[in-house]
$ cat run_8.cif   # mmCIF, N, CA and C atoms and all ligand atoms
data_upload
loop_
_atom_site.label_atom_id
_atom_site.label_comp_id
_atom_site.auth_asym_id
_atom_site.auth_seq_id
_atom_site.Cartn_x
_atom_site.Cartn_y
_atom_site.Cartn_z
N MET A 1 1.64 18.82 1.69
CA MET A 1 1.09 17.46 1.69
C MET A 1 1.81 16.59 0.67
N ASN A 2 2.12 15.36 1.06
CA ASN A 2 2.70 14.45 0.07
C ASN A 2 1.59 13.83 -0.79
N VAL A 3 2.00 13.09 -1.80
CA VAL A 3 1.05 12.61 -2.81
C VAL A 3 -0.03 11.69 -2.20
N PHE A 4 0.33 10.87 -1.24
CA PHE A 4 -0.67 9.96 -0.65
C PHE A 4 -1.64 10.74 0.24
N GLU A 5 -1.14 11.76 0.91
CA GLU A 5 -2.04 12.60 1.72
C GLU A 5 -3.05 13.33 0.81
N LYS A 6 -2.61 13.70 -0.38
CA LYS A 6 -3.52 14.35 -1.34
C LYS A 6 -4.58 13.36 -1.83
N ILE A 7 -4.16 12.12 -2.02
CA ILE A 7 -5.13 11.08 -2.43
C ILE A 7 -6.16 10.86 -1.32
N ILE A 8 -5.69 10.76 -0.07
CA ILE A 8 -6.60 10.57 1.07
C ILE A 8 -7.58 11.75 1.17
N ALA A 9 -7.08 12.94 0.95
CA ALA A 9 -7.92 14.15 1.05
C ALA A 9 -8.85 14.31 -0.15
N GLY A 10 -8.69 13.46 -1.18
CA GLY A 10 -9.54 13.56 -2.36
C GLY A 10 -9.08 14.64 -3.33
N GLU A 11 -7.86 15.15 -3.11
CA GLU A 11 -7.34 16.21 -3.99
C GLU A 11 -6.66 15.64 -5.23
N LEU A 12 -6.31 14.35 -5.17
CA LEU A 12 -5.73 13.66 -6.32
C LEU A 12 -6.55 12.39 -6.55
N PRO A 13 -6.79 12.03 -7.81
CA PRO A 13 -7.57 10.82 -8.07
C PRO A 13 -6.73 9.56 -7.85
N CYS A 14 -7.40 8.45 -7.61
CA CYS A 14 -6.70 7.16 -7.56
C CYS A 14 -7.66 6.09 -8.05
N LYS A 15 -7.08 4.95 -8.46
CA LYS A 15 -7.91 3.80 -8.84
C LYS A 15 -8.09 2.95 -7.60
N LYS A 16 -9.19 3.22 -6.89
CA LYS A 16 -9.43 2.60 -5.60
C LYS A 16 -9.76 1.12 -5.73
N VAL A 17 -9.16 0.32 -4.84
CA VAL A 17 -9.43 -1.12 -4.80
C VAL A 17 -10.30 -1.47 -3.60
N LEU A 18 -9.98 -0.88 -2.46
CA LEU A 18 -10.72 -1.17 -1.23
C LEU A 18 -10.49 -0.03 -0.24
N GLU A 19 -11.51 0.20 0.58
CA GLU A 19 -11.40 1.28 1.57
C GLU A 19 -12.23 0.93 2.79
N ASN A 20 -11.75 1.27 3.96
CA ASN A 20 -12.59 1.24 5.15
C ASN A 20 -12.30 2.51 5.96
N GLU A 21 -12.74 2.54 7.19
CA GLU A 21 -12.61 3.77 7.99
C GLU A 21 -11.15 4.20 8.16
N HIS A 22 -10.25 3.21 8.27
CA HIS A 22 -8.86 3.52 8.62
C HIS A 22 -7.84 3.37 7.49
N PHE A 23 -8.19 2.60 6.46
CA PHE A 23 -7.20 2.25 5.43
C PHE A 23 -7.76 2.41 4.03
N LEU A 24 -6.84 2.57 3.08
CA LEU A 24 -7.20 2.74 1.67
C LEU A 24 -6.22 1.94 0.81
N ALA A 25 -6.74 1.27 -0.21
CA ALA A 25 -5.88 0.56 -1.17
C ALA A 25 -6.21 1.06 -2.57
N PHE A 26 -5.16 1.30 -3.37
CA PHE A 26 -5.35 1.79 -4.73
C PHE A 26 -4.21 1.29 -5.60
N GLU A 27 -4.45 1.31 -6.92
CA GLU A 27 -3.45 0.80 -7.85
C GLU A 27 -2.23 1.72 -7.91
N ASP A 28 -1.05 1.12 -7.95
CA ASP A 28 0.18 1.90 -8.13
C ASP A 28 0.19 2.48 -9.54
N ILE A 29 0.59 3.73 -9.65
CA ILE A 29 0.58 4.44 -10.93
C ILE A 29 1.66 3.92 -11.89
N ASN A 30 2.65 3.25 -11.34
CA ASN A 30 3.76 2.72 -12.14
C ASN A 30 3.97 1.25 -11.77
N PRO A 31 3.04 0.38 -12.21
CA PRO A 31 3.04 -1.01 -11.72
C PRO A 31 4.29 -1.80 -12.07
N LYS A 32 4.79 -2.55 -11.09
CA LYS A 32 5.98 -3.39 -11.28
C LYS A 32 5.60 -4.85 -11.47
N ALA A 33 4.32 -5.15 -11.46
CA ALA A 33 3.81 -6.51 -11.70
C ALA A 33 2.39 -6.37 -12.23
N ARG A 34 1.82 -7.51 -12.72
CA ARG A 34 0.47 -7.45 -13.29
C ARG A 34 -0.51 -6.85 -12.26
N VAL A 35 -0.34 -7.26 -11.01
CA VAL A 35 -1.10 -6.64 -9.92
C VAL A 35 -0.10 -5.87 -9.05
N HIS A 36 -0.34 -4.59 -8.87
CA HIS A 36 0.52 -3.77 -7.99
C HIS A 36 -0.38 -2.73 -7.32
N VAL A 37 -0.68 -3.00 -6.07
CA VAL A 37 -1.59 -2.15 -5.31
C VAL A 37 -0.87 -1.65 -4.07
N LEU A 38 -1.20 -0.44 -3.66
CA LEU A 38 -0.63 0.15 -2.44
C LEU A 38 -1.71 0.19 -1.36
N ALA A 39 -1.36 -0.22 -0.16
CA ALA A 39 -2.28 -0.15 0.98
C ALA A 39 -1.68 0.82 1.99
N ILE A 40 -2.49 1.80 2.40
CA ILE A 40 -1.99 2.86 3.29
C ILE A 40 -2.97 3.14 4.43
N PRO A 41 -2.45 3.60 5.56
CA PRO A 41 -3.36 4.09 6.60
C PRO A 41 -3.82 5.50 6.24
N LYS A 42 -5.03 5.86 6.66
CA LYS A 42 -5.51 7.21 6.39
C LYS A 42 -4.86 8.23 7.33
N LYS A 43 -4.46 7.77 8.51
CA LYS A 43 -3.80 8.72 9.41
C LYS A 43 -2.34 8.91 8.99
N SER A 44 -1.78 10.01 9.40
CA SER A 44 -0.43 10.35 8.98
C SER A 44 0.62 9.54 9.74
N VAL A 45 1.31 8.66 9.04
CA VAL A 45 2.40 7.84 9.61
C VAL A 45 3.51 7.85 8.57
N LYS A 46 4.71 8.21 8.99
CA LYS A 46 5.79 8.41 8.01
C LYS A 46 6.25 7.11 7.35
N ASP A 47 6.45 6.09 8.17
CA ASP A 47 7.00 4.85 7.61
C ASP A 47 6.78 3.68 8.57
N PHE A 48 7.17 2.50 8.13
CA PHE A 48 7.00 1.27 8.92
C PHE A 48 7.70 1.40 10.28
N GLN A 49 8.89 1.97 10.28
CA GLN A 49 9.69 2.04 11.51
C GLN A 49 9.02 2.89 12.58
N SER A 50 8.35 3.94 12.19
CA SER A 50 7.74 4.84 13.17
C SER A 50 6.28 4.49 13.46
N ALA A 51 5.75 3.47 12.77
CA ALA A 51 4.34 3.10 12.96
C ALA A 51 4.14 2.34 14.27
N ASP A 52 2.99 2.58 14.92
CA ASP A 52 2.70 1.82 16.13
C ASP A 52 2.17 0.44 15.74
N SER A 53 2.23 -0.50 16.71
CA SER A 53 1.89 -1.89 16.44
C SER A 53 0.42 -2.05 16.03
N GLU A 54 -0.44 -1.23 16.61
CA GLU A 54 -1.87 -1.33 16.28
C GLU A 54 -2.11 -0.98 14.81
N THR A 55 -1.43 0.06 14.34
CA THR A 55 -1.56 0.45 12.93
C THR A 55 -1.03 -0.65 12.02
N LEU A 56 0.12 -1.21 12.38
CA LEU A 56 0.70 -2.26 11.54
C LEU A 56 -0.18 -3.52 11.53
N ALA A 57 -0.75 -3.85 12.68
CA ALA A 57 -1.64 -5.02 12.73
C ALA A 57 -2.88 -4.77 11.88
N GLY A 58 -3.45 -3.57 12.01
CA GLY A 58 -4.64 -3.25 11.22
C GLY A 58 -4.35 -3.24 9.73
N LEU A 59 -3.21 -2.67 9.37
CA LEU A 59 -2.84 -2.61 7.95
C LEU A 59 -2.57 -4.02 7.40
N SER A 60 -1.99 -4.89 8.22
CA SER A 60 -1.74 -6.27 7.79
C SER A 60 -3.05 -6.99 7.51
N GLY A 61 -4.03 -6.83 8.39
CA GLY A 61 -5.33 -7.45 8.16
C GLY A 61 -6.00 -6.89 6.91
N PHE A 62 -5.83 -5.60 6.70
CA PHE A 62 -6.41 -4.94 5.52
C PHE A 62 -5.76 -5.48 4.24
N VAL A 63 -4.44 -5.70 4.29
CA VAL A 63 -3.73 -6.25 3.12
C VAL A 63 -4.33 -7.61 2.74
N LYS A 64 -4.64 -8.42 3.72
CA LYS A 64 -5.23 -9.74 3.42
C LYS A 64 -6.61 -9.59 2.77
N GLU A 65 -7.38 -8.61 3.22
CA GLU A 65 -8.69 -8.34 2.59
C GLU A 65 -8.49 -7.88 1.14
N VAL A 66 -7.49 -7.03 0.93
CA VAL A 66 -7.21 -6.54 -0.43
C VAL A 66 -6.83 -7.71 -1.33
N ALA A 67 -6.00 -8.61 -0.83
CA ALA A 67 -5.58 -9.77 -1.63
C ALA A 67 -6.80 -10.59 -2.04
N LYS A 68 -7.74 -10.75 -1.14
CA LYS A 68 -8.98 -11.49 -1.48
C LYS A 68 -9.76 -10.74 -2.54
N LYS A 69 -9.89 -9.44 -2.37
CA LYS A 69 -10.63 -8.63 -3.34
C LYS A 69 -10.00 -8.72 -4.73
N LEU A 70 -8.66 -8.83 -4.75
CA LEU A 70 -7.94 -8.92 -6.02
C LEU A 70 -7.91 -10.34 -6.57
N GLY A 71 -8.33 -11.31 -5.76
CA GLY A 71 -8.35 -12.71 -6.19
C GLY A 71 -6.98 -13.35 -6.25
N ILE A 72 -6.05 -12.85 -5.44
CA ILE A 72 -4.69 -13.40 -5.48
C ILE A 72 -4.32 -14.08 -4.16
N GLU A 73 -5.31 -14.25 -3.29
CA GLU A 73 -4.99 -14.79 -1.96
C GLU A 73 -4.53 -16.24 -2.02
N LYS A 74 -4.94 -16.99 -3.05
CA LYS A 74 -4.52 -18.39 -3.16
C LYS A 74 -3.30 -18.55 -4.06
N SER A 75 -3.21 -17.74 -5.10
CA SER A 75 -2.07 -17.85 -6.04
C SER A 75 -0.79 -17.30 -5.41
N GLY A 76 -0.95 -16.42 -4.43
CA GLY A 76 0.21 -15.87 -3.73
C GLY A 76 0.55 -14.46 -4.19
N TYR A 77 1.30 -13.82 -3.38
CA TYR A 77 1.65 -12.43 -3.66
C TYR A 77 2.81 -12.01 -2.75
N ARG A 78 3.30 -10.81 -2.96
CA ARG A 78 4.43 -10.29 -2.18
C ARG A 78 4.02 -8.95 -1.54
N VAL A 79 4.43 -8.77 -0.30
CA VAL A 79 4.18 -7.50 0.41
C VAL A 79 5.52 -6.87 0.74
N ILE A 80 5.68 -5.61 0.35
CA ILE A 80 6.95 -4.91 0.58
C ILE A 80 6.65 -3.54 1.19
N SER A 81 7.46 -3.15 2.17
CA SER A 81 7.41 -1.77 2.64
C SER A 81 8.83 -1.20 2.59
N ASN A 82 9.03 -0.21 1.75
CA ASN A 82 10.33 0.45 1.67
C ASN A 82 10.42 1.48 2.80
N ILE A 83 11.58 1.51 3.46
CA ILE A 83 11.74 2.37 4.63
C ILE A 83 12.98 3.25 4.47
N GLY A 84 12.74 4.56 4.45
CA GLY A 84 13.86 5.51 4.47
C GLY A 84 14.72 5.50 3.22
N ALA A 85 15.83 6.20 3.30
CA ALA A 85 16.70 6.42 2.14
C ALA A 85 17.27 5.12 1.59
N ASP A 86 17.88 4.31 2.45
CA ASP A 86 18.47 3.06 1.97
C ASP A 86 17.41 2.07 1.50
N GLY A 87 16.20 2.16 2.06
CA GLY A 87 15.10 1.28 1.64
C GLY A 87 14.46 1.71 0.34
N GLY A 88 14.83 2.90 -0.14
CA GLY A 88 14.29 3.38 -1.41
C GLY A 88 12.89 3.96 -1.30
N GLN A 89 12.53 4.44 -0.11
CA GLN A 89 11.19 5.01 0.07
C GLN A 89 11.11 6.38 -0.59
N GLU A 90 10.13 6.54 -1.50
CA GLU A 90 9.96 7.82 -2.20
C GLU A 90 8.88 8.67 -1.55
N VAL A 91 7.83 8.03 -1.09
CA VAL A 91 6.70 8.78 -0.51
C VAL A 91 6.72 8.59 1.01
N PRO A 92 6.86 9.70 1.77
CA PRO A 92 7.00 9.58 3.22
C PRO A 92 5.66 9.40 3.94
N HIS A 93 4.94 8.37 3.54
CA HIS A 93 3.68 7.98 4.19
C HIS A 93 3.64 6.46 4.14
N LEU A 94 3.52 5.82 5.31
CA LEU A 94 3.55 4.36 5.38
C LEU A 94 2.71 3.71 4.29
N HIS A 95 3.30 2.75 3.57
CA HIS A 95 2.54 1.99 2.58
C HIS A 95 3.13 0.62 2.40
N PHE A 96 2.23 -0.33 2.14
CA PHE A 96 2.63 -1.68 1.76
C PHE A 96 2.35 -1.83 0.27
N HIS A 97 3.37 -2.25 -0.48
CA HIS A 97 3.17 -2.63 -1.88
C HIS A 97 2.64 -4.07 -1.88
N ILE A 98 1.59 -4.34 -2.63
CA ILE A 98 1.05 -5.69 -2.80
C ILE A 98 1.25 -6.04 -4.27
N LEU A 99 2.12 -7.04 -4.50
CA LEU A 99 2.49 -7.40 -5.87
C LEU A 99 2.09 -8.84 -6.14
N GLY A 100 1.53 -9.10 -7.31
CA GLY A 100 1.16 -10.47 -7.64
C GLY A 100 0.50 -10.53 -9.01
N GLY A 101 -0.35 -11.55 -9.17
CA GLY A 101 -1.03 -11.73 -10.44
C GLY A 101 -0.18 -12.43 -11.48
N GLU A 102 1.04 -12.80 -11.12
CA GLU A 102 1.96 -13.51 -12.00
C GLU A 102 3.09 -14.06 -11.12
N LYS A 103 3.90 -14.97 -11.70
CA LYS A 103 5.06 -15.48 -10.97
C LYS A 103 6.09 -14.37 -10.88
N LEU A 104 6.39 -13.96 -9.66
CA LEU A 104 7.33 -12.85 -9.46
C LEU A 104 8.77 -13.35 -9.47
N GLY A 105 9.66 -12.51 -9.97
CA GLY A 105 11.08 -12.86 -9.97
C GLY A 105 11.67 -12.75 -8.57
N GLY A 106 12.83 -13.34 -8.41
CA GLY A 106 13.52 -13.24 -7.14
C GLY A 106 14.15 -11.87 -6.97
N PHE A 107 14.72 -11.61 -5.83
CA PHE A 107 15.40 -10.32 -5.63
C PHE A 107 16.59 -10.51 -4.71
P1 LIG B 1 8.07 3.90 -2.41
O1 LIG B 1 9.27 3.99 -3.29
O2 LIG B 1 8.02 2.64 -1.61
O3 LIG B 1 7.86 5.14 -1.58
O4 LIG B 1 6.83 3.75 -3.40
C1 LIG B 1 6.03 4.82 -3.80
C2 LIG B 1 5.11 4.27 -4.87
O5 LIG B 1 4.06 5.19 -5.06
C3 LIG B 1 5.77 4.03 -6.22
O6 LIG B 1 5.63 2.66 -6.59
C4 LIG B 1 4.99 4.97 -7.16
O7 LIG B 1 4.79 4.40 -8.43
C5 LIG B 1 3.69 5.16 -6.43
N1 LIG B 1 2.98 6.38 -6.71
C6 LIG B 1 3.47 7.65 -6.72
N2 LIG B 1 2.51 8.53 -7.01
C7 LIG B 1 1.35 7.82 -7.15
C8 LIG B 1 0.00 8.16 -7.46
N3 LIG B 1 -0.39 9.42 -7.66
N4 LIG B 1 -0.93 7.15 -7.56
C9 LIG B 1 -0.54 5.87 -7.36
N5 LIG B 1 0.72 5.49 -7.06
C10 LIG B 1 1.66 6.45 -6.97
#
$ encode --input "run_8.cif" --output "structure tokens"
Amino acid sequence: MNVFEKIIAGELPCKKVLENEHFLAFEDINPKARVHVLAIPKKSVKDFQSADSETLAGLSGFVKEVAKKLGIEKSGYRVISNIGADGGQEVPHLHFHILGGEKLGGF
């Protein structure tokens, strides 16, 4: 099991932000911004490229709920999904990084 699957299974702790039947959001352990939360599906999906459209649509709606819960929906935020080796993906389980809470630098 990868680290996110262990979190979903309750075998590893996380700082939970929001959860519903299909998705989970928790704080990134190594934050790159004042707010850095990860949103993941509970079902096993390797990455954005292999995800079905229904999962991506559901996860997108969930990200917007998370942004509201974090109070950053009006100030703005950034959503990133790293895909595969060139994308710099470390954990092989689909996730959206939600970054905000401050003015983010360019890239
Ligand atoms: P990526 O490079 O897109 O696969 O991002 C993986 C992210 O997962 C990184 O930002 C890590 O800091 C984060 N991460 C790894 N292990 C944990 C953990 N146990 N709890 C929370 N975040 C984690």
$ residues_around --input "run_8.cif" --residues "Lys43 of chain A" --least-positions-apart "3" --cutoff "10 Å" --atoms "only C-alpha atoms" --output "PyMOL selection string"
chain A and resi 5+8+22-23+40+46+55+93-94
$ closest_residue --input "run_8.cif" --among "A:Glu65, A:Glu90, A:Asp47, A:Glu73" --to "ligand LIG 1 (chain B)" --atoms "only N, CA and C atoms and all ligand atoms"
A:Glu90
$ atom_distance --input "run_8.cif" --atom1 "atom N of Gly76 of chain A" --atom2 "atom N of Ile98 of chain A"
12.5 Å
$ atom_distance --input "run_8.cif" --atom1 "atom N of Ala9 of chain A" --atom2 "atom N of Val79 of chain A"
24.6 Å
$ closest_atom_pairs --input "run_8.cif" --of "chain A" --to "ligand LIG 1 (chain B)" --cutoff "5 Å" --atoms "all atoms listed in the file" --output "JSON lines"
{"residue": "A:Glu27", "atom": "C", "partner": "B:LIG1", "partner_atom": "C9", "distance": 4.5}
{"residue": "A:Asp28", "atom": "CA", "partner": "B:LIG1", "partner_atom": "N5", "distance": 3.8}
{"residue": "A:Ile29", "atom": "N", "partner": "B:LIG1", "partner_atom": "N5", "distance": 3.1}
{"residue": "A:Asn30", "atom": "N", "partner": "B:LIG1", "partner_atom": "O7", "distance": 3.8}
{"residue": "A:Asn82", "atom": "N", "partner": "B:LIG1", "partner_atom": "O2", "distance": 4.5}
{"residue": "A:Gly88", "atom": "C", "partner": "B:LIG1", "partner_atom": "O1", "distance": 4.1}
{"residue": "A:Gln89", "atom": "C", "partner": "B:LIG1", "partner_atom": "O3", "distance": 3.6}
{"residue": "A:Glu90", "atom": "N", "partner": "B:LIG1", "partner_atom": "O3", "distance": 2.7}
{"residue": "A:Val91", "atom": "N", "partner": "B:LIG1", "partner_atom": "O3", "distance": 2.9}
$ residues_around --input "run_8.cif" --residues "Ile80 of chain A" --least-positions-apart "2" --cutoff "10 Å" --atoms "only C-alpha atoms" --output "number ranges by chain"
A: 38, 78, 82-83, 95-99
$ write_last_selection --input "run_8.cif" --atoms "N, CA and C atoms" --output "PDB file, in the coordinates of the input"
ATOM      1  N   LEU A  38      -1.200  -0.440  -3.660  1.00  0.00           N
ATOM      2  CA  LEU A  38      -0.630   0.150  -2.440  1.00  0.00           C
ATOM      3  C   LEU A  38      -1.710   0.190  -1.360  1.00  0.00           C
ATOM      4  N   ARG A  78       3.300 -10.810  -2.960  1.00  0.00           N
ATOM      5  CA  ARG A  78       4.430 -10.290  -2.180  1.00  0.00           C
ATOM      6  C   ARG A  78       4.020  -8.950  -1.540  1.00  0.00           C
ATOM      7  N   ASN A  82       9.030  -0.210   1.750  1.00  0.00           N
ATOM      8  CA  ASN A  82      10.330   0.450   1.670  1.00  0.00           C
ATOM      9  C   ASN A  82      10.420   1.480   2.800  1.00  0.00           C
ATOM     10  N   ILE A  83      11.580   1.510   3.460  1.00  0.00           N
ATOM     11  CA  ILE A  83      11.740   2.370   4.630  1.00  0.00           C
ATOM     12  C   ILE A  83      12.980   3.250   4.470  1.00  0.00           C
ATOM     13  N   HIS A  95       3.300   2.750   3.570  1.00  0.00           N
ATOM     14  CA  HIS A  95       2.540   1.990   2.580  1.00  0.00           C
ATOM     15  C   HIS A  95       3.130   0.620   2.400  1.00  0.00           C
ATOM     16  N   PHE A  96       2.230  -0.330   2.140  1.00  0.00           N
ATOM     17  CA  PHE A  96       2.630  -1.680   1.760  1.00  0.00           C
ATOM     18  C   PHE A  96       2.350  -1.830   0.270  1.00  0.00           C
ATOM     19  N   HIS A  97       3.370  -2.250  -0.480  1.00  0.00           N
ATOM     20  CA  HIS A  97       3.170  -2.630  -1.880  1.00  0.00           C
ATOM     21  C   HIS A  97       2.640  -4.070  -1.880  1.00  0.00           C
ATOM     22  N   ILE A  98       1.590  -4.340  -2.630  1.00  0.00           N
ATOM     23  CA  ILE A  98       1.050  -5.690  -2.800  1.00  0.00           C
ATOM     24  C   ILE A  98       1.250  -6.040  -4.270  1.00  0.00           C
ATOM     25  N   LEU A  99       2.120  -7.040  -4.500  1.00  0.00           N
ATOM     26  CA  LEU A  99       2.490  -7.400  -5.870  1.00  0.00           C
ATOM     27  C   LEU A  99       2.090  -8.840  -6.140  1.00  0.00           C
TER      28      LEU A  99
END
$ select_by_dssp --input "run_8.cif" --residues "chain A" --states "strand (DSSP E)" --output "CSV table (one decimal) with N, CA and C atoms, keeping the file's coordinate frame"
chain,number,residue,atom,x,y,z
A,16,LYS,N,-9.2,3.2,-6.9
A,16,LYS,CA,-9.4,2.6,-5.6
A,16,LYS,C,-9.8,1.1,-5.7
A,17,VAL,N,-9.2,0.3,-4.8
A,17,VAL,CA,-9.4,-1.1,-4.8
A,17,VAL,C,-10.3,-1.5,-3.6
A,18,LEU,N,-10.0,-0.9,-2.5
A,18,LEU,CA,-10.7,-1.2,-1.2
A,18,LEU,C,-10.5,0.0,-0.2
A,19,GLU,N,-11.5,0.2,0.6
A,19,GLU,CA,-11.4,1.3,1.6
A,19,GLU,C,-12.2,0.9,2.8
A,23,PHE,N,-8.2,2.6,6.5
A,23,PHE,CA,-7.2,2.2,5.4
A,23,PHE,C,-7.8,2.4,4.0
A,24,LEU,N,-6.8,2.6,3.1
A,24,LEU,CA,-7.2,2.7,1.7
A,24,LEU,C,-6.2,1.9,0.8
A,25,ALA,N,-6.7,1.3,-0.2
A,25,ALA,CA,-5.9,0.6,-1.2
A,25,ALA,C,-6.2,1.1,-2.6
A,26,PHE,N,-5.2,1.3,-3.4
A,26,PHE,CA,-5.4,1.8,-4.7
A,26,PHE,C,-4.2,1.3,-5.6
A,27,GLU,N,-4.4,1.3,-6.9
A,27,GLU,CA,-3.4,0.8,-7.8
A,27,GLU,C,-2.2,1.7,-7.9
A,35,VAL,N,-0.3,-7.3,-11.0
A,35,VAL,CA,-1.1,-6.6,-9.9
A,35,VAL,C,-0.1,-5.9,-9.0
A,36,HIS,N,-0.3,-4.6,-8.9
A,36,HIS,CA,0.5,-3.8,-8.0
A,36,HIS,C,-0.4,-2.7,-7.3
A,37,VAL,N,-0.7,-3.0,-6.1
A,37,VAL,CA,-1.6,-2.2,-5.3
A,37,VAL,C,-0.9,-1.6,-4.1
A,38,LEU,N,-1.2,-0.4,-3.7
A,38,LEU,CA,-0.6,0.2,-2.4
A,38,LEU,C,-1.7,0.2,-1.4
A,39,ALA,N,-1.4,-0.2,-0.2
A,39,ALA,CA,-2.3,-0.2,1.0
A,39,ALA,C,-1.7,0.8,2.0
A,40,ILE,N,-2.5,1.8,2.4
A,40,ILE,CA,-2.0,2.9,3.3
A,40,ILE,C,-3.0,3.1,4.4
A,41,PRO,N,-2.4,3.6,5.6
A,41,PRO,CA,-3.4,4.1,6.6
A,41,PRO,C,-3.8,5.5,6.2
A,77,TYR,N,1.3,-13.8,-3.4
A,77,TYR,CA,1.6,-12.4,-3.7
A,77,TYR,C,2.8,-12.0,-2.8
A,78,ARG,N,3.3,-10.8,-3.0
A,78,ARG,CA,4.4,-10.3,-2.2
A,78,ARG,C,4.0,-9.0,-1.5
A,79,VAL,N,4.4,-8.8,-0.3
A,79,VAL,CA,4.2,-7.5,0.4
A,79,VAL,C,5.5,-6.9,0.7
A,80,ILE,N,5.7,-5.6,0.4
A,80,ILE,CA,7.0,-4.9,0.6
A,80,ILE,C,6.6,-3.5,1.2
A,96,PHE,N,2.2,-0.3,2.1
A,96,PHE,CA,2.6,-1.7,1.8
A,96,PHE,C,2.4,-1.8,0.3
A,97,HIS,N,3.4,-2.2,-0.5
A,97,HIS,CA,3.2,-2.6,-1.9
A,97,HIS,C,2.6,-4.1,-1.9
A,98,ILE,N,1.6,-4.3,-2.6
A,98,ILE,CA,1.0,-5.7,-2.8
A,98,ILE,C,1.2,-6.0,-4.3
A,99,LEU,N,2.1,-7.0,-4.5
A,99,LEU,CA,2.5,-7.4,-5.9
A,99,LEU,C,2.1,-8.8,-6.1
A,100,GLY,N,1.5,-9.1,-7.3
A,100,GLY,CA,1.2,-10.5,-7.6
A,100,GLY,C,0.5,-10.5,-9.0
$ atom_distance --input "run_8.cif" --atom1 "atom CA of Leu24 of chain A" --atom2 "atom CA of Asp86 of chain A"
25.7 Å
$ closest_residue --input "run_8.cif" --among "A:Gly106, A:Pro92, A:Gly84, A:Gly101" --to "Val3 of chain A" --atoms "all atoms listed in the file"
A:Pro92
$ closest_residue --input "run_8.cif" --among "A:Gly105, A:Pro13, A:Gly100, A:Gly61" --to "Phe26 of chain A" --atoms "only C-alpha atoms"
A:Pro13
$ axis_aligned_box --input "run_8.cif" --around "segment 53-69 of chain A" --padding-each-side "8 Å" --output "lines of an AutoDock Vina configuration file"
center_x = -4.2
center_y = -5.5
center_z = 6.0
size_x = 28.9
size_y = 27.9
size_z = 37.4
$ select_by_dssp --input "run_8.cif" --residues "chain A" --states "helix (DSSP H, G or I)" --output "NGL selection string"
:A and (3-8 or 53-70 or 84-87)
$ closest_residue --input "run_8.cif" --among "A:Ser50, A:Lys74, A:Arg34, A:Glu19" --to "Lys103 of chain A" --atoms "only N, CA and C atoms"
A:Arg34
$ decode --input "run_8.cif" --residues "segment 95-105 of chain A" --atoms "N, CA, C and O atoms" --output "PDB file, in the first residue's frame"
ATOM      1  N   HIS A  95      -4.070  12.804  -6.648  1.00  0.00           N
ATOM      2  CA  HIS A  95      -4.291  13.847  -5.644  1.00  0.00           C
ATOM      3  C   HIS A  95      -4.172  15.215  -6.272  1.00  0.00           C
ATOM      4  O   HIS A  95      -3.397  15.429  -7.196  1.00  0.00           O
ATOM      5  N   PHE A  96      -4.984  16.129  -5.743  1.00  0.00           N
ATOM      6  CA  PHE A  96      -4.880  17.538  -6.096  1.00  0.00           C
ATOM      7  C   PHE A  96      -4.252  18.256  -4.909  1.00  0.00           C
ATOM      8  O   PHE A  96      -4.738  18.136  -3.783  1.00  0.00           O
ATOM      9  N   HIS A  97      -3.184  19.008  -5.180  1.00  0.00           N
ATOM     10  CA  HIS A  97      -2.630  19.911  -4.166  1.00  0.00           C
ATOM     11  C   HIS A  97      -3.473  21.185  -4.191  1.00  0.00           C
ATOM     12  O   HIS A  97      -3.738  21.733  -5.271  1.00  0.00           O
ATOM     13  N   ILE A  98      -3.888  21.669  -3.041  1.00  0.00           N
ATOM     14  CA  ILE A  98      -4.613  22.937  -2.916  1.00  0.00           C
ATOM     15  C   ILE A  98      -3.707  23.865  -2.120  1.00  0.00           C
ATOM     16  O   ILE A  98      -3.412  23.612  -0.946  1.00  0.00           O
ATOM     17  N   LEU A  99      -3.241  24.922  -2.799  1.00  0.00           N
ATOM     18  CA  LEU A  99      -2.269  25.831  -2.184  1.00  0.00           C
ATOM     19  C   LEU A  99      -2.851  27.231  -2.105  1.00  0.00           C
ATOM     20  O   LEU A  99      -3.470  27.714  -3.067  1.00  0.00           O
ATOM     21  N   GLY A 100      -2.652  27.900  -0.986  1.00  0.00           N
ATOM     22  CA  GLY A 100      -3.164  29.265  -0.868  1.00  0.00           C
ATOM     23  C   GLY A 100      -2.862  29.831   0.510  1.00  0.00           C
ATOM     24  O   GLY A 100      -1.893  29.442   1.149  1.00  0.00           O
ATOM     25  N   GLY A 101      -3.715  30.775   0.924  1.00  0.00           N
ATOM     26  CA  GLY A 101      -3.526  31.411   2.215  1.00  0.00           C
ATOM     27  C   GLY A 101      -2.496  32.514   2.190  1.00  0.00           C
ATOM     28  O   GLY A 101      -2.194  33.124   3.224  1.00  0.00           O
ATOM     29  N   GLU A 102      -1.924  32.784   1.030  1.00  0.00           N
ATOM     30  CA  GLU A 102      -0.941  33.848   0.835  1.00  0.00           C
ATOM     31  C   GLU A 102      -0.793  34.069  -0.669  1.00  0.00           C
ATOM     32  O   GLU A 102      -1.285  33.273  -1.478  1.00  0.00           O
ATOM     33  N   LYS A 103      -0.129  35.180  -1.042  1.00  0.00           N
ATOM     34  CA  LYS A 103       0.136  35.428  -2.460  1.00  0.00           C
ATOM     35  C   LYS A 103       1.192  34.441  -2.920  1.00  0.00           C
ATOM     36  O   LYS A 103       2.313  34.447  -2.437  1.00  0.00           O
ATOM     37  N   LEU A 104       0.822  33.594  -3.862  1.00  0.00           N
ATOM     38  CA  LEU A 104       1.748  32.558  -4.334  1.00  0.00           C
ATOM     39  C   LEU A 104       2.669  33.106  -5.425  1.00  0.00           C
ATOM     40  O   LEU A 104       2.252  33.945  -6.219  1.00  0.00           O
ATOM     41  N   GLY A 105       3.886  32.604  -5.442  1.00  0.00           N
ATOM     42  CA  GLY A 105       4.832  33.011  -6.483  1.00  0.00           C
ATOM     43  C   GLY A 105       4.480  32.378  -7.828  1.00  0.00           C
ATOM     44  O   GLY A 105       3.696  31.438  -7.897  1.00  0.00           O
TER      45      GLY A 105
END
